[in-house]
$ cat target_16.cif   # mmCIF, C-alpha atoms
data_model
#
loop_
_atom_site.label_atom_id
_atom_site.label_comp_id
_atom_site.auth_asym_id
_atom_site.auth_seq_id
_atom_site.Cartn_x
_atom_site.Cartn_y
_atom_site.Cartn_z
CA MET W 215 58.35 -40.87 7.85
CA ARG W 216 60.56 -38.40 9.70
CA TYR W 217 60.21 -34.67 9.10
CA SER W 218 63.13 -32.28 9.18
CA LYS W 219 63.07 -29.20 11.37
CA LEU W 220 62.67 -27.15 8.20
CA HIS W 221 59.45 -29.02 7.32
CA VAL W 222 58.07 -28.50 10.82
CA LEU W 223 58.92 -24.80 10.74
CA PHE W 224 57.26 -24.38 7.35
CA PHE W 225 54.12 -26.15 8.60
CA LYS W 226 53.92 -23.87 11.66
CA ILE W 227 54.30 -20.76 9.52
CA LEU W 228 51.56 -22.02 7.18
CA MET W 229 49.12 -22.68 10.04
CA ILE W 230 49.81 -19.28 11.59
CA GLY W 231 49.09 -17.69 8.21
CA ILE W 232 45.79 -19.54 7.81
CA LEU W 233 44.66 -18.67 11.34
CA SER W 234 45.66 -15.06 10.84
CA PHE W 235 43.62 -14.88 7.62
CA GLU W 236 40.56 -16.41 9.31
CA CYS W 237 40.81 -13.99 12.22
CA PHE W 238 41.20 -11.08 9.83
CA SER W 239 38.12 -12.20 7.86
CA LEU W 240 36.04 -12.49 11.02
CA PHE W 241 37.27 -9.10 12.17
CA CYS W 242 36.37 -7.54 8.82
CA TYR W 243 32.91 -9.13 8.91
CA ALA W 244 32.30 -7.95 12.48
CA GLU W 245 33.58 -4.53 11.58
CA GLU W 246 31.31 -4.40 8.53
CA SER W 247 28.23 -5.54 10.48
CA GLU W 248 28.94 -2.92 13.15
CA LYS W 249 29.67 -0.14 10.70
CA ILE W 250 28.02 3.11 11.79
CA PHE W 251 26.56 5.39 9.11
CA PHE W 252 24.97 8.00 11.40
CA SER W 253 25.20 8.69 15.10
CA GLY W 254 23.53 11.19 17.38
CA ASP W 255 22.42 11.83 20.92
CA GLY W 256 21.61 8.33 22.17
CA PHE W 257 21.16 6.63 18.80
CA SER W 258 22.97 5.35 15.71
CA VAL W 259 22.22 3.92 12.26
CA THR W 260 24.37 0.87 11.53
CA GLN W 261 24.95 -1.78 8.90
CA LYS W 262 22.58 -4.06 10.84
CA ASP W 263 19.82 -1.46 10.39
CA LEU W 264 20.51 -1.40 6.66
CA ASP W 265 20.47 -5.21 6.48
CA ALA W 266 17.11 -5.27 8.25
CA GLU W 267 15.73 -2.67 5.84
CA ASN W 268 16.89 -4.76 2.87
CA GLU W 269 15.14 -7.83 4.26
CA MET W 270 11.90 -5.92 4.75
CA LEU W 271 11.82 -4.45 1.26
CA SER W 272 10.76 -6.41 -1.80
CA ALA W 273 13.57 -7.36 -4.15
CA SER W 274 11.72 -5.44 -6.87
CA PHE W 275 11.79 -2.24 -4.78
CA ASP W 276 14.41 -0.23 -6.62
CA THR W 277 16.17 2.23 -4.33
CA THR W 278 19.76 3.17 -3.58
CA LYS W 279 21.73 2.54 -0.42
CA GLU W 280 21.77 6.28 0.31
CA GLU W 281 17.97 6.50 -0.02
CA LYS W 282 17.48 3.56 2.33
CA LEU W 283 19.80 5.08 4.93
CA ARG W 284 17.97 8.41 4.67
CA VAL W 285 14.63 6.67 5.31
CA ILE W 286 16.06 4.77 8.30
CA LEU W 287 17.50 7.97 9.78
CA MET W 288 14.25 9.86 9.23
CA ASP W 289 12.21 7.10 10.90
CA ARG W 290 14.66 6.94 13.81
CA LEU W 291 14.53 10.71 14.40
CA PHE W 292 10.75 10.90 14.08
CA LYS W 293 10.39 8.02 16.54
CA LEU W 294 12.69 9.71 19.06
CA GLU W 295 10.85 13.00 18.73
CA TYR W 296 7.48 11.32 19.14
CA GLN W 297 8.66 9.48 22.25
CA SER W 298 9.98 12.69 23.77
CA THR W 299 6.90 14.82 23.09
CA SER W 300 3.84 12.58 23.01
CA ASP W 301 1.54 11.93 25.91
CA ASP W 302 -1.17 10.40 23.74
CA LEU W 303 -1.73 7.01 25.39
CA LEU W 304 -4.17 5.92 22.70
CA LEU W 305 -1.60 6.57 20.00
CA ASP W 306 0.97 4.66 22.03
CA LYS W 307 -1.44 1.73 22.07
CA LYS W 308 -1.85 1.98 18.30
CA VAL W 309 1.91 1.89 17.81
CA GLN W 310 2.12 -1.10 20.14
CA ARG W 311 -0.66 -2.83 18.19
CA MET W 312 1.06 -2.16 14.86
CA THR W 313 4.28 -3.64 16.23
CA GLU W 314 2.36 -6.64 17.51
CA LYS W 315 0.72 -7.22 14.12
CA TYR W 316 4.04 -6.94 12.30
CA LEU W 317 5.75 -9.43 14.62
CA ALA W 318 2.78 -11.78 14.21
CA LEU W 319 3.15 -11.46 10.44
CA LEU W 320 6.83 -12.37 10.68
CA TYR W 321 5.93 -15.48 12.69
CA LYS W 322 3.28 -16.46 10.14
CA LYS W 323 5.88 -16.12 7.39
CA LYS W 324 8.16 -18.38 9.39
CA LEU W 325 5.37 -20.97 9.56
CA ASP W 326 4.69 -20.56 5.85
CA SER W 327 8.32 -21.22 4.98
CA GLN W 328 7.98 -24.70 6.49
CA ILE W 329 5.18 -25.70 4.09
CA GLU W 330 6.12 -28.07 1.30
CA ILE W 331 3.81 -29.43 -1.41
CA SER W 332 5.15 -32.54 -3.14
CA GLU W 333 4.92 -33.20 -6.87
CA ASP W 334 2.64 -36.19 -6.22
CA VAL W 335 0.17 -34.01 -4.31
CA LEU W 336 0.16 -31.42 -7.11
CA GLN W 337 -0.52 -34.05 -9.77
CA SER W 338 -3.23 -35.72 -7.69
CA TYR W 339 -5.04 -32.40 -7.30
CA TYR W 340 -4.80 -31.79 -11.05
CA ILE W 341 -6.27 -35.20 -11.85
CA ALA W 342 -9.01 -35.00 -9.20
CA ASN W 343 -10.27 -31.56 -10.29
CA PRO W 344 -10.46 -31.57 -14.11
CA GLU W 345 -13.22 -28.94 -14.16
CA LEU W 346 -10.83 -26.39 -12.63
CA PHE W 347 -8.33 -26.77 -15.45
CA THR W 348 -10.59 -27.05 -18.48
CA GLU W 349 -11.35 -24.08 -20.71
CA PRO W 350 -15.11 -24.14 -21.41
CA GLN W 351 -16.52 -24.37 -24.91
CA LYS W 352 -16.43 -21.04 -26.76
CA TYR W 353 -18.68 -19.58 -29.43
CA ARG W 354 -18.50 -16.79 -31.98
CA LEU W 355 -22.09 -15.78 -32.61
CA GLN W 356 -24.15 -13.52 -34.84
CA LEU W 357 -27.10 -11.76 -33.21
CA LEU W 358 -30.40 -10.54 -34.63
CA MET W 359 -32.80 -8.71 -32.31
CA VAL W 360 -36.36 -7.52 -32.97
CA SER W 361 -39.14 -6.20 -30.77
CA ASN W 362 -41.86 -8.83 -31.25
CA LYS W 363 -42.25 -12.57 -31.70
CA VAL W 364 -44.24 -12.47 -34.95
CA VAL W 365 -41.44 -10.67 -36.79
CA CYS W 366 -38.83 -12.97 -35.23
CA ASP W 367 -40.74 -16.10 -36.32
CA LYS W 368 -41.00 -14.74 -39.88
CA ILE W 369 -37.26 -14.03 -40.06
CA PHE W 370 -36.47 -17.48 -38.67
CA SER W 371 -38.64 -19.05 -41.38
CA ASP W 372 -36.97 -16.97 -44.09
CA VAL W 373 -33.36 -17.74 -43.12
CA THR W 374 -33.94 -21.46 -42.49
CA GLN W 375 -35.67 -21.80 -45.88
CA ASN W 376 -32.89 -19.81 -47.56
CA LYS W 377 -35.25 -17.05 -48.66
CA ARG W 378 -32.69 -14.54 -47.39
CA THR W 379 -29.38 -14.71 -45.59
CA PHE W 380 -28.97 -14.16 -41.88
CA GLU W 381 -26.60 -11.27 -42.62
CA LEU W 382 -29.19 -9.54 -44.81
CA ALA W 383 -31.90 -10.09 -42.18
CA VAL W 384 -29.65 -8.47 -39.55
CA GLU W 385 -29.03 -5.50 -41.81
CA GLU W 386 -32.74 -5.07 -42.60
CA GLU W 387 -34.43 -6.01 -39.33
CA SER W 388 -32.17 -5.96 -36.24
CA ILE W 389 -32.79 -3.18 -33.72
CA ASP W 390 -29.61 -3.73 -31.69
CA LYS W 391 -27.57 -0.59 -32.32
CA GLU W 392 -24.31 -1.96 -30.94
CA THR W 393 -24.05 -5.09 -33.09
CA THR W 394 -25.94 -4.22 -36.30
CA PRO W 395 -23.11 -2.09 -37.79
CA ASN W 396 -20.89 -5.20 -37.49
CA LYS W 397 -23.50 -7.47 -39.12
CA GLY W 398 -24.56 -8.67 -35.69
CA GLU W 399 -21.25 -10.42 -35.01
CA LEU W 400 -20.23 -10.83 -31.36
CA GLU W 401 -16.78 -11.45 -29.93
CA TRP W 402 -15.76 -14.92 -28.77
CA MET W 403 -17.69 -15.87 -25.63
CA ALA W 404 -17.10 -18.76 -23.26
CA GLU W 405 -20.14 -20.90 -22.60
CA ASN W 406 -20.07 -20.05 -18.90
CA LYS W 407 -19.67 -16.30 -19.50
CA MET W 408 -22.51 -15.64 -21.95
CA PRO W 409 -26.09 -14.83 -20.84
CA ARG W 410 -27.81 -18.02 -19.73
CA GLU W 411 -30.53 -17.52 -22.40
CA PHE W 412 -27.82 -17.52 -25.07
CA ALA W 413 -26.11 -20.61 -23.66
CA ALA W 414 -29.38 -22.55 -23.43
CA ASN W 415 -30.27 -21.82 -27.06
CA VAL W 416 -26.92 -22.59 -28.70
CA GLU W 417 -25.76 -25.60 -26.68
CA ASN W 418 -26.95 -28.14 -29.29
CA LEU W 419 -26.08 -26.11 -32.38
CA LEU W 420 -23.21 -26.49 -34.84
CA PRO W 421 -21.45 -23.82 -36.92
CA GLY W 422 -23.91 -22.49 -39.50
CA ASP W 423 -27.00 -23.34 -37.42
CA VAL W 424 -29.54 -20.73 -36.32
CA SER W 425 -31.28 -20.89 -32.94
CA GLN W 426 -35.01 -20.96 -32.38
CA PRO W 427 -36.50 -17.53 -31.56
CA PHE W 428 -36.23 -16.73 -27.83
CA GLN W 429 -36.94 -13.79 -25.56
CA TYR W 430 -34.12 -11.76 -24.05
CA ASN W 431 -34.41 -8.51 -22.09
CA GLY W 432 -37.92 -7.82 -23.43
CA ASN W 433 -36.98 -8.38 -27.08
CA TRP W 434 -36.83 -11.41 -29.38
CA VAL W 435 -33.55 -12.85 -30.55
CA LEU W 436 -32.07 -15.21 -33.11
CA LEU W 437 -28.47 -16.43 -32.85
CA LYS W 438 -26.36 -17.92 -35.61
CA VAL W 439 -23.29 -19.95 -34.69
CA LEU W 440 -20.32 -18.79 -36.76
CA GLU W 441 -17.52 -20.75 -35.05
CA MET W 442 -16.99 -23.02 -32.05
CA LYS W 443 -14.00 -24.03 -29.96
CA PRO W 444 -14.44 -27.26 -27.98
CA PRO W 445 -13.50 -27.50 -24.29
CA GLU W 446 -9.73 -27.65 -23.83
CA LYS W 447 -7.91 -28.99 -20.81
CA LYS W 448 -4.92 -26.97 -19.67
CA VAL W 449 -1.54 -28.69 -19.64
CA TYR W 450 -0.35 -29.70 -16.16
CA GLU W 451 2.96 -27.84 -16.45
CA ASP W 452 1.09 -24.61 -17.27
CA VAL W 453 -1.05 -24.76 -14.11
CA LYS W 454 1.34 -26.42 -11.67
CA ASP W 455 2.39 -23.15 -10.04
CA SER W 456 -1.20 -22.00 -9.54
CA ILE W 457 -2.05 -25.38 -7.97
CA ARG W 458 0.92 -25.02 -5.63
CA SER W 459 -0.29 -21.54 -4.60
CA THR W 460 -3.82 -22.82 -3.97
CA LEU W 461 -2.70 -25.77 -1.87
CA THR W 462 -0.14 -23.67 -0.01
CA ARG W 463 -2.82 -21.15 0.97
CA LYS W 464 -5.07 -23.95 2.23
CA LYS W 465 -2.24 -25.51 4.20
CA MET W 466 -1.20 -22.13 5.57
CA PHE W 467 -4.71 -21.50 6.85
CA ALA W 468 -4.84 -24.90 8.55
CA GLN W 469 -1.34 -24.51 9.98
CA VAL W 470 -2.00 -21.03 11.40
CA ASN W 471 -5.18 -22.25 13.11
CA SER W 472 -3.39 -25.30 14.48
CA GLU W 473 -0.55 -23.15 15.82
CA PHE W 474 -3.09 -20.74 17.31
CA GLU W 475 -4.67 -23.56 19.32
CA ARG W 476 -1.24 -24.85 20.40
CA LEU W 477 -0.18 -21.43 21.66
CA LYS W 478 -3.46 -20.92 23.50
CA ALA W 479 -2.66 -24.07 25.47
CA LYS W 480 1.00 -23.14 25.91
CA TYR W 481 0.21 -19.71 27.34
CA GLN W 482 -2.80 -21.02 29.31
CA VAL W 483 -5.32 -18.71 27.68
CA LYS W 484 -8.61 -18.48 29.57
CA ASP W 485 -11.85 -17.32 27.97
CA GLU W 486 -13.16 -14.70 30.36
CA GLY W 487 -16.27 -14.05 28.27
CA MET W 488 -16.82 -11.68 25.38
#

$ encode --input "target_16.cif" --output "structure tokens"
Amino acid sequence: MRYSKLHVLFFKILMIGILSFECFSLFCYAEESEKIFFSGDGFSVTQKDLDAENEMLSASFDTTKEEKLRVILMDRLFKLEYQSTSDDLLLDKKVQRMTEKYLALLYKKKLDSQIEISEDVLQSYYIANPELFTEPQKYRLQLLMVSNKVVCDKIFSDVTQNKRTFELAVEEESIDKETTPNKGELEWMAENKMPREFAANVENLLPGDVSQPFQYNGNWVLLKVLEMKPPEKKVYEDVKDSIRSTLTRKKMFAQVNSEFERLKAKYQVKDEGM
């Protein structure tokens, strides 16, 4: 196919236009990145400083552009004044150490960003550790407390033979000031969170059952089981993120230590003795 001179001319004009636009865009970007907000004797605050400040701050840190620039300028001026007036070598060392720790933190974050935990690994961890993702059995109990065993045995005999109700016995006999006004009723308690004496005496009971008398904190106690909730395994999707965090932390720890050993070899670190 042959092109006319008009076609060729049009094509050249089009290419010049595209190249001009690209150059203009690059110029605008460079100009924006080099934009100066403040300048003074031997220093300036630029767009690059603002970009760095934005990267350092959490996304949830709500502050305006003007406030950020004010903080940058204040820090810059205070740093210059400190450098021009301080002869405190120890403080200089502290500043150097703070800088060192911050740069080390940035490098650790770089290492962390390389960590990936696959879906298969997450699911395998969930399956292999059921105890971590199972809500323990829970109880709602009613408590009766007296000061001696003889009285406790008598009450146990009365309530198990239906001579009086557990609620009435609590009202008439219990010495626990916190629970008696509420008929001895306790809030829901997980099996692994209640006192071990309680757990040991209710583990084989069903709702409506009353425990054998047992000693607790110098007094004698009876417990009645009002309600129970059986153990419940958490759904994988509900715990997947927490598993990822756990495994990421473990991998981060291993990776940091591995990198530490690699860098010791790279920089030929010698142990000169503690």

$ residues_around --input "target_16.cif" --residues "range 356-367 of chain W" --least-positions-apart "6" --cutoff "6 Å" --atoms "only C-alpha atoms" --output "PyMOL selection string"
chain W and resi 384+388-390+398-400+433-438

$ residues_near_point --input "target_16.cif" --point "(-16.0, -25.2, -22.2)" --cutoff "8 Å" --atoms "all atoms listed in the file" --output "PyMOL selection string"
chain W and resi 348-352+404-406+444-446

$ atom_distance --input "target_16.cif" --atom1 "CA of Gln429 in chain W" --atom2 "CA of Glu401 in chain W"
20.8 Å

$ closest_residue --input "target_16.cif" --among "W:Glu392, W:Glu486, W:Ser472, W:Lys480" --to "Lys322 in chain W" --atoms "all atoms listed in the file"
W:Ser472

$ closest_residue --input "target_16.cif" --among "W:Met466, W:Leu317, W:Met312, W:Val259" --to "Leu291 in chain W" --atoms "only C-alpha atoms"
W:Val259

$ resolve_selection --input "target_16.cif" --expression "the PyMOL selection byres ((chain W and resi 454) around 12)" --output "ChimeraX atom specification"
/W:331-341,347,448-453,455-461

$ write_last_selection --input "target_16.cif" --atoms "C-alpha atoms" --output "PDB file, keeping the file's coordinate frame"
ATOM      1  CA  ILE W 331       3.810 -29.430  -1.410  1.00  0.00           C
ATOM      2  CA  SER W 332       5.150 -32.540  -3.140  1.00  0.00           C
ATOM      3  CA  GLU W 333       4.920 -33.200  -6.870  1.00  0.00           C
ATOM      4  CA  ASP W 334       2.640 -36.190  -6.220  1.00  0.00           C
ATOM      5  CA  VAL W 335       0.170 -34.010  -4.310  1.00  0.00           C
ATOM      6  CA  LEU W 336       0.160 -31.420  -7.110  1.00  0.00           C
ATOM      7  CA  GLN W 337      -0.520 -34.050  -9.770  1.00  0.00           C
ATOM      8  CA  SER W 338      -3.230 -35.720  -7.690  1.00  0.00           C
ATOM      9  CA  TYR W 339      -5.040 -32.400  -7.300  1.00  0.00           C
ATOM     10  CA  TYR W 340      -4.800 -31.790 -11.050  1.00  0.00           C
ATOM     11  CA  ILE W 341      -6.270 -35.200 -11.850  1.00  0.00           C
ATOM     12  CA  PHE W 347      -8.330 -26.770 -15.450  1.00  0.00           C
ATOM     13  CA  LYS W 448      -4.920 -26.970 -19.670  1.00  0.00           C
ATOM     14  CA  VAL W 449      -1.540 -28.690 -19.640  1.00  0.00           C
ATOM     15  CA  TYR W 450      -0.350 -29.700 -16.160  1.00  0.00           C
ATOM     16  CA  GLU W 451       2.960 -27.840 -16.450  1.00  0.00           C
ATOM     17  CA  ASP W 452       1.090 -24.610 -17.270  1.00  0.00           C
ATOM     18  CA  VAL W 453      -1.050 -24.760 -14.110  1.00  0.00           C
ATOM     19  CA  ASP W 455       2.390 -23.150 -10.040  1.00  0.00           C
ATOM     20  CA  SER W 456      -1.200 -22.000  -9.540  1.00  0.00           C
ATOM     21  CA  ILE W 457      -2.050 -25.380  -7.970  1.00  0.00           C
ATOM     22  CA  ARG W 458       0.920 -25.020  -5.630  1.00  0.00           C
ATOM     23  CA  SER W 459      -0.290 -21.540  -4.600  1.00  0.00           C
ATOM     24  CA  THR W 460      -3.820 -22.820  -3.970  1.00  0.00           C
ATOM     25  CA  LEU W 461      -2.700 -25.770  -1.870  1.00  0.00           C
TER      26      LEU W 461
END

$ resolve_selection --input "target_16.cif" --expression "the PyMOL selection byres ((chain W and resi 425) around 8)" --output "list of chain:residue names"
W:Asn415, W:Val416, W:Leu419, W:Asp423, W:Val424, W:Gln426, W:Pro427, W:Leu436, W:Leu437, W:Lys438

$ atom_distance --input "target_16.cif" --atom1 "CA of Thr278 in chain W" --atom2 "CA of Phe252 in chain W"
16.6 Å

$ atom_distance --input "target_16.cif" --atom1 "CA of Arg311 in chain W" --atom2 "CA of Glu475 in chain W"
21.1 Å

$ resolve_selection --input "target_16.cif" --expression "the PyMOL selection byres ((chain W and resi 290) around 12)" --output "JSON, numbers by chain"
{"W": [252, 253, 254, 255, 256, 257, 258, 259, 260, 263, 283, 284, 285, 286, 287, 288, 289, 291, 292, 293, 294, 295, 296, 297]}

$ closest_residue --input "target_16.cif" --among "W:Ala318, W:Glu385, W:Thr379, W:Lys397" --to "Phe474 in chain W" --atoms "only C-alpha atoms"
W:Ala318

$ closest_residue --input "target_16.cif" --among "W:Ser300, W:Asn376, W:Asn431, W:Thr313" --to "Phe412 in chain W" --atoms "all atoms listed in the file"
W:Asn431

$ closest_residue --input "target_16.cif" --among "W:Arg354, W:Leu325, W:Asp372, W:Lys443" --to "Phe467 in chain W" --atoms "only C-alpha atoms"
W:Leu325

$ closest_residue --input "target_16.cif" --among "W:Leu355, W:Ala414, W:Asp306, W:Lys368" --to "Met442 in chain W" --atoms "all atoms listed in the file"
W:Leu355

$ build_atoms --input "target_16.cif" --residues "range 435-471 of chain W" --atoms "N, CA and C atoms" --output "mmCIF file, keeping the file's coordinate frame"
data_model
loop_
_atom_site.group_PDB
_atom_site.id
_atom_site.type_symbol
_atom_site.label_atom_id
_atom_site.label_comp_id
_atom_site.auth_asym_id
_atom_site.auth_seq_id
_atom_site.Cartn_x
_atom_site.Cartn_y
_atom_site.Cartn_z
ATOM 1 N N VAL W 435 -34.909 -12.678 -30.034
ATOM 2 C CA VAL W 435 -33.550 -12.850 -30.550
ATOM 3 C C VAL W 435 -33.410 -14.133 -31.358
ATOM 4 N N LEU W 436 -32.572 -14.039 -32.396
ATOM 5 C CA LEU W 436 -32.070 -15.210 -33.110
ATOM 6 C C LEU W 436 -30.550 -15.165 -33.036
ATOM 7 N N LEU W 437 -29.927 -16.324 -32.866
ATOM 8 C CA LEU W 437 -28.470 -16.430 -32.850
ATOM 9 C C LEU W 437 -28.011 -17.399 -33.926
ATOM 10 N N LYS W 438 -26.991 -17.014 -34.649
ATOM 11 C CA LYS W 438 -26.360 -17.920 -35.610
ATOM 12 C C LYS W 438 -24.964 -18.253 -35.116
ATOM 13 N N VAL W 439 -24.623 -19.528 -35.118
ATOM 14 C CA VAL W 439 -23.290 -19.950 -34.690
ATOM 15 C C VAL W 439 -22.332 -19.824 -35.863
ATOM 16 N N LEU W 440 -21.326 -18.967 -35.716
ATOM 17 C CA LEU W 440 -20.320 -18.790 -36.760
ATOM 18 C C LEU W 440 -19.152 -19.756 -36.585
ATOM 19 N N GLU W 441 -18.646 -19.846 -35.349
ATOM 20 C CA GLU W 441 -17.520 -20.750 -35.050
ATOM 21 C C GLU W 441 -17.674 -21.290 -33.643
ATOM 22 N N MET W 442 -17.005 -22.421 -33.395
ATOM 23 C CA MET W 442 -16.990 -23.020 -32.050
ATOM 24 C C MET W 442 -15.587 -23.500 -31.728
ATOM 25 N N LYS W 443 -15.240 -23.414 -30.456
ATOM 26 C CA LYS W 443 -14.000 -24.030 -29.960
ATOM 27 C C LYS W 443 -14.388 -24.998 -28.861
ATOM 28 N N PRO W 444 -14.052 -26.274 -28.996
ATOM 29 C CA PRO W 444 -14.440 -27.260 -27.980
ATOM 30 C C PRO W 444 -13.706 -27.027 -26.665
ATOM 31 N N PRO W 445 -14.200 -27.618 -25.582
ATOM 32 C CA PRO W 445 -13.500 -27.500 -24.290
ATOM 33 C C PRO W 445 -12.053 -27.978 -24.429
ATOM 34 N N GLU W 446 -11.159 -27.310 -23.733
ATOM 35 C CA GLU W 446 -9.730 -27.650 -23.830
ATOM 36 C C GLU W 446 -9.111 -27.698 -22.444
ATOM 37 N N LYS W 447 -8.533 -28.843 -22.119
ATOM 38 C CA LYS W 447 -7.910 -28.990 -20.810
ATOM 39 C C LYS W 447 -6.512 -28.378 -20.816
ATOM 40 N N LYS W 448 -6.226 -27.608 -19.780
ATOM 41 C CA LYS W 448 -4.920 -26.970 -19.670
ATOM 42 C C LYS W 448 -3.850 -28.007 -19.344
ATOM 43 N N VAL W 449 -2.664 -27.788 -19.878
ATOM 44 C CA VAL W 449 -1.540 -28.690 -19.640
ATOM 45 C C VAL W 449 -1.077 -28.558 -18.181
ATOM 46 N N TYR W 450 -0.738 -29.684 -17.570
ATOM 47 C CA TYR W 450 -0.350 -29.700 -16.160
ATOM 48 C C TYR W 450 0.783 -28.717 -15.865
ATOM 49 N N GLU W 451 1.802 -28.705 -16.702
ATOM 50 C CA GLU W 451 2.960 -27.840 -16.450
ATOM 51 C C GLU W 451 2.563 -26.362 -16.445
ATOM 52 N N ASP W 452 1.515 -26.014 -17.200
ATOM 53 C CA ASP W 452 1.090 -24.610 -17.270
ATOM 54 C C ASP W 452 0.331 -24.165 -16.024
ATOM 55 N N VAL W 453 -0.224 -25.115 -15.285
ATOM 56 C CA VAL W 453 -1.050 -24.760 -14.110
ATOM 57 C C VAL W 453 -0.430 -25.216 -12.797
ATOM 58 N N LYS W 454 0.720 -25.864 -12.875
ATOM 59 C CA LYS W 454 1.340 -26.420 -11.670
ATOM 60 C C LYS W 454 1.592 -25.355 -10.605
ATOM 61 N N ASP W 455 2.085 -24.208 -11.014
ATOM 62 C CA ASP W 455 2.390 -23.150 -10.040
ATOM 63 C C ASP W 455 1.126 -22.623 -9.370
ATOM 64 N N SER W 456 0.052 -22.489 -10.139
ATOM 65 C CA SER W 456 -1.200 -22.000 -9.540
ATOM 66 C C SER W 456 -1.774 -23.035 -8.576
ATOM 67 N N ILE W 457 -1.608 -24.327 -8.892
ATOM 68 C CA ILE W 457 -2.050 -25.380 -7.970
ATOM 69 C C ILE W 457 -1.244 -25.308 -6.680
ATOM 70 N N ARG W 458 0.062 -25.121 -6.820
ATOM 71 C CA ARG W 458 0.920 -25.020 -5.630
ATOM 72 C C ARG W 458 0.478 -23.848 -4.746
ATOM 73 N N SER W 459 0.160 -22.713 -5.368
ATOM 74 C CA SER W 459 -0.290 -21.540 -4.600
ATOM 75 C C SER W 459 -1.593 -21.833 -3.873
ATOM 76 N N THR W 460 -2.520 -22.492 -4.571
ATOM 77 C CA THR W 460 -3.820 -22.820 -3.970
ATOM 78 C C THR W 460 -3.651 -23.735 -2.766
ATOM 79 N N LEU W 461 -2.880 -24.803 -2.954
ATOM 80 C CA LEU W 461 -2.700 -25.770 -1.870
ATOM 81 C C LEU W 461 -1.886 -25.182 -0.722
ATOM 82 N N THR W 462 -0.936 -24.322 -1.057
ATOM 83 C CA THR W 462 -0.140 -23.670 -0.010
ATOM 84 C C THR W 462 -1.018 -22.776 0.852
ATOM 85 N N ARG W 463 -1.913 -22.013 0.205
ATOM 86 C CA ARG W 463 -2.820 -21.150 0.970
ATOM 87 C C ARG W 463 -3.705 -21.968 1.905
ATOM 88 N N LYS W 464 -4.212 -23.093 1.399
ATOM 89 C CA LYS W 464 -5.070 -23.950 2.230
ATOM 90 C C LYS W 464 -4.285 -24.501 3.421
ATOM 91 N N LYS W 465 -3.061 -24.940 3.137
ATOM 92 C CA LYS W 465 -2.240 -25.510 4.200
ATOM 93 C C LYS W 465 -1.823 -24.437 5.198
ATOM 94 N N MET W 466 -1.551 -23.240 4.695
ATOM 95 C CA MET W 466 -1.200 -22.130 5.570
ATOM 96 C C MET W 466 -2.331 -21.830 6.539
ATOM 97 N N PHE W 467 -3.549 -21.794 6.011
ATOM 98 C CA PHE W 467 -4.710 -21.500 6.850
ATOM 99 C C PHE W 467 -4.849 -22.547 7.953
ATOM 100 N N ALA W 468 -4.718 -23.823 7.565
ATOM 101 C CA ALA W 468 -4.840 -24.900 8.550
ATOM 102 C C ALA W 468 -3.705 -24.840 9.568
ATOM 103 N N GLN W 469 -2.494 -24.529 9.088
ATOM 104 C CA GLN W 469 -1.340 -24.510 9.980
ATOM 105 C C GLN W 469 -1.416 -23.355 10.976
ATOM 106 N N VAL W 470 -1.868 -22.191 10.505
ATOM 107 C CA VAL W 470 -2.000 -21.030 11.400
ATOM 108 C C VAL W 470 -3.025 -21.317 12.488
ATOM 109 N N ASN W 471 -4.152 -21.923 12.114
ATOM 110 C CA ASN W 471 -5.180 -22.250 13.110
ATOM 111 C C ASN W 471 -4.687 -23.294 14.113
#
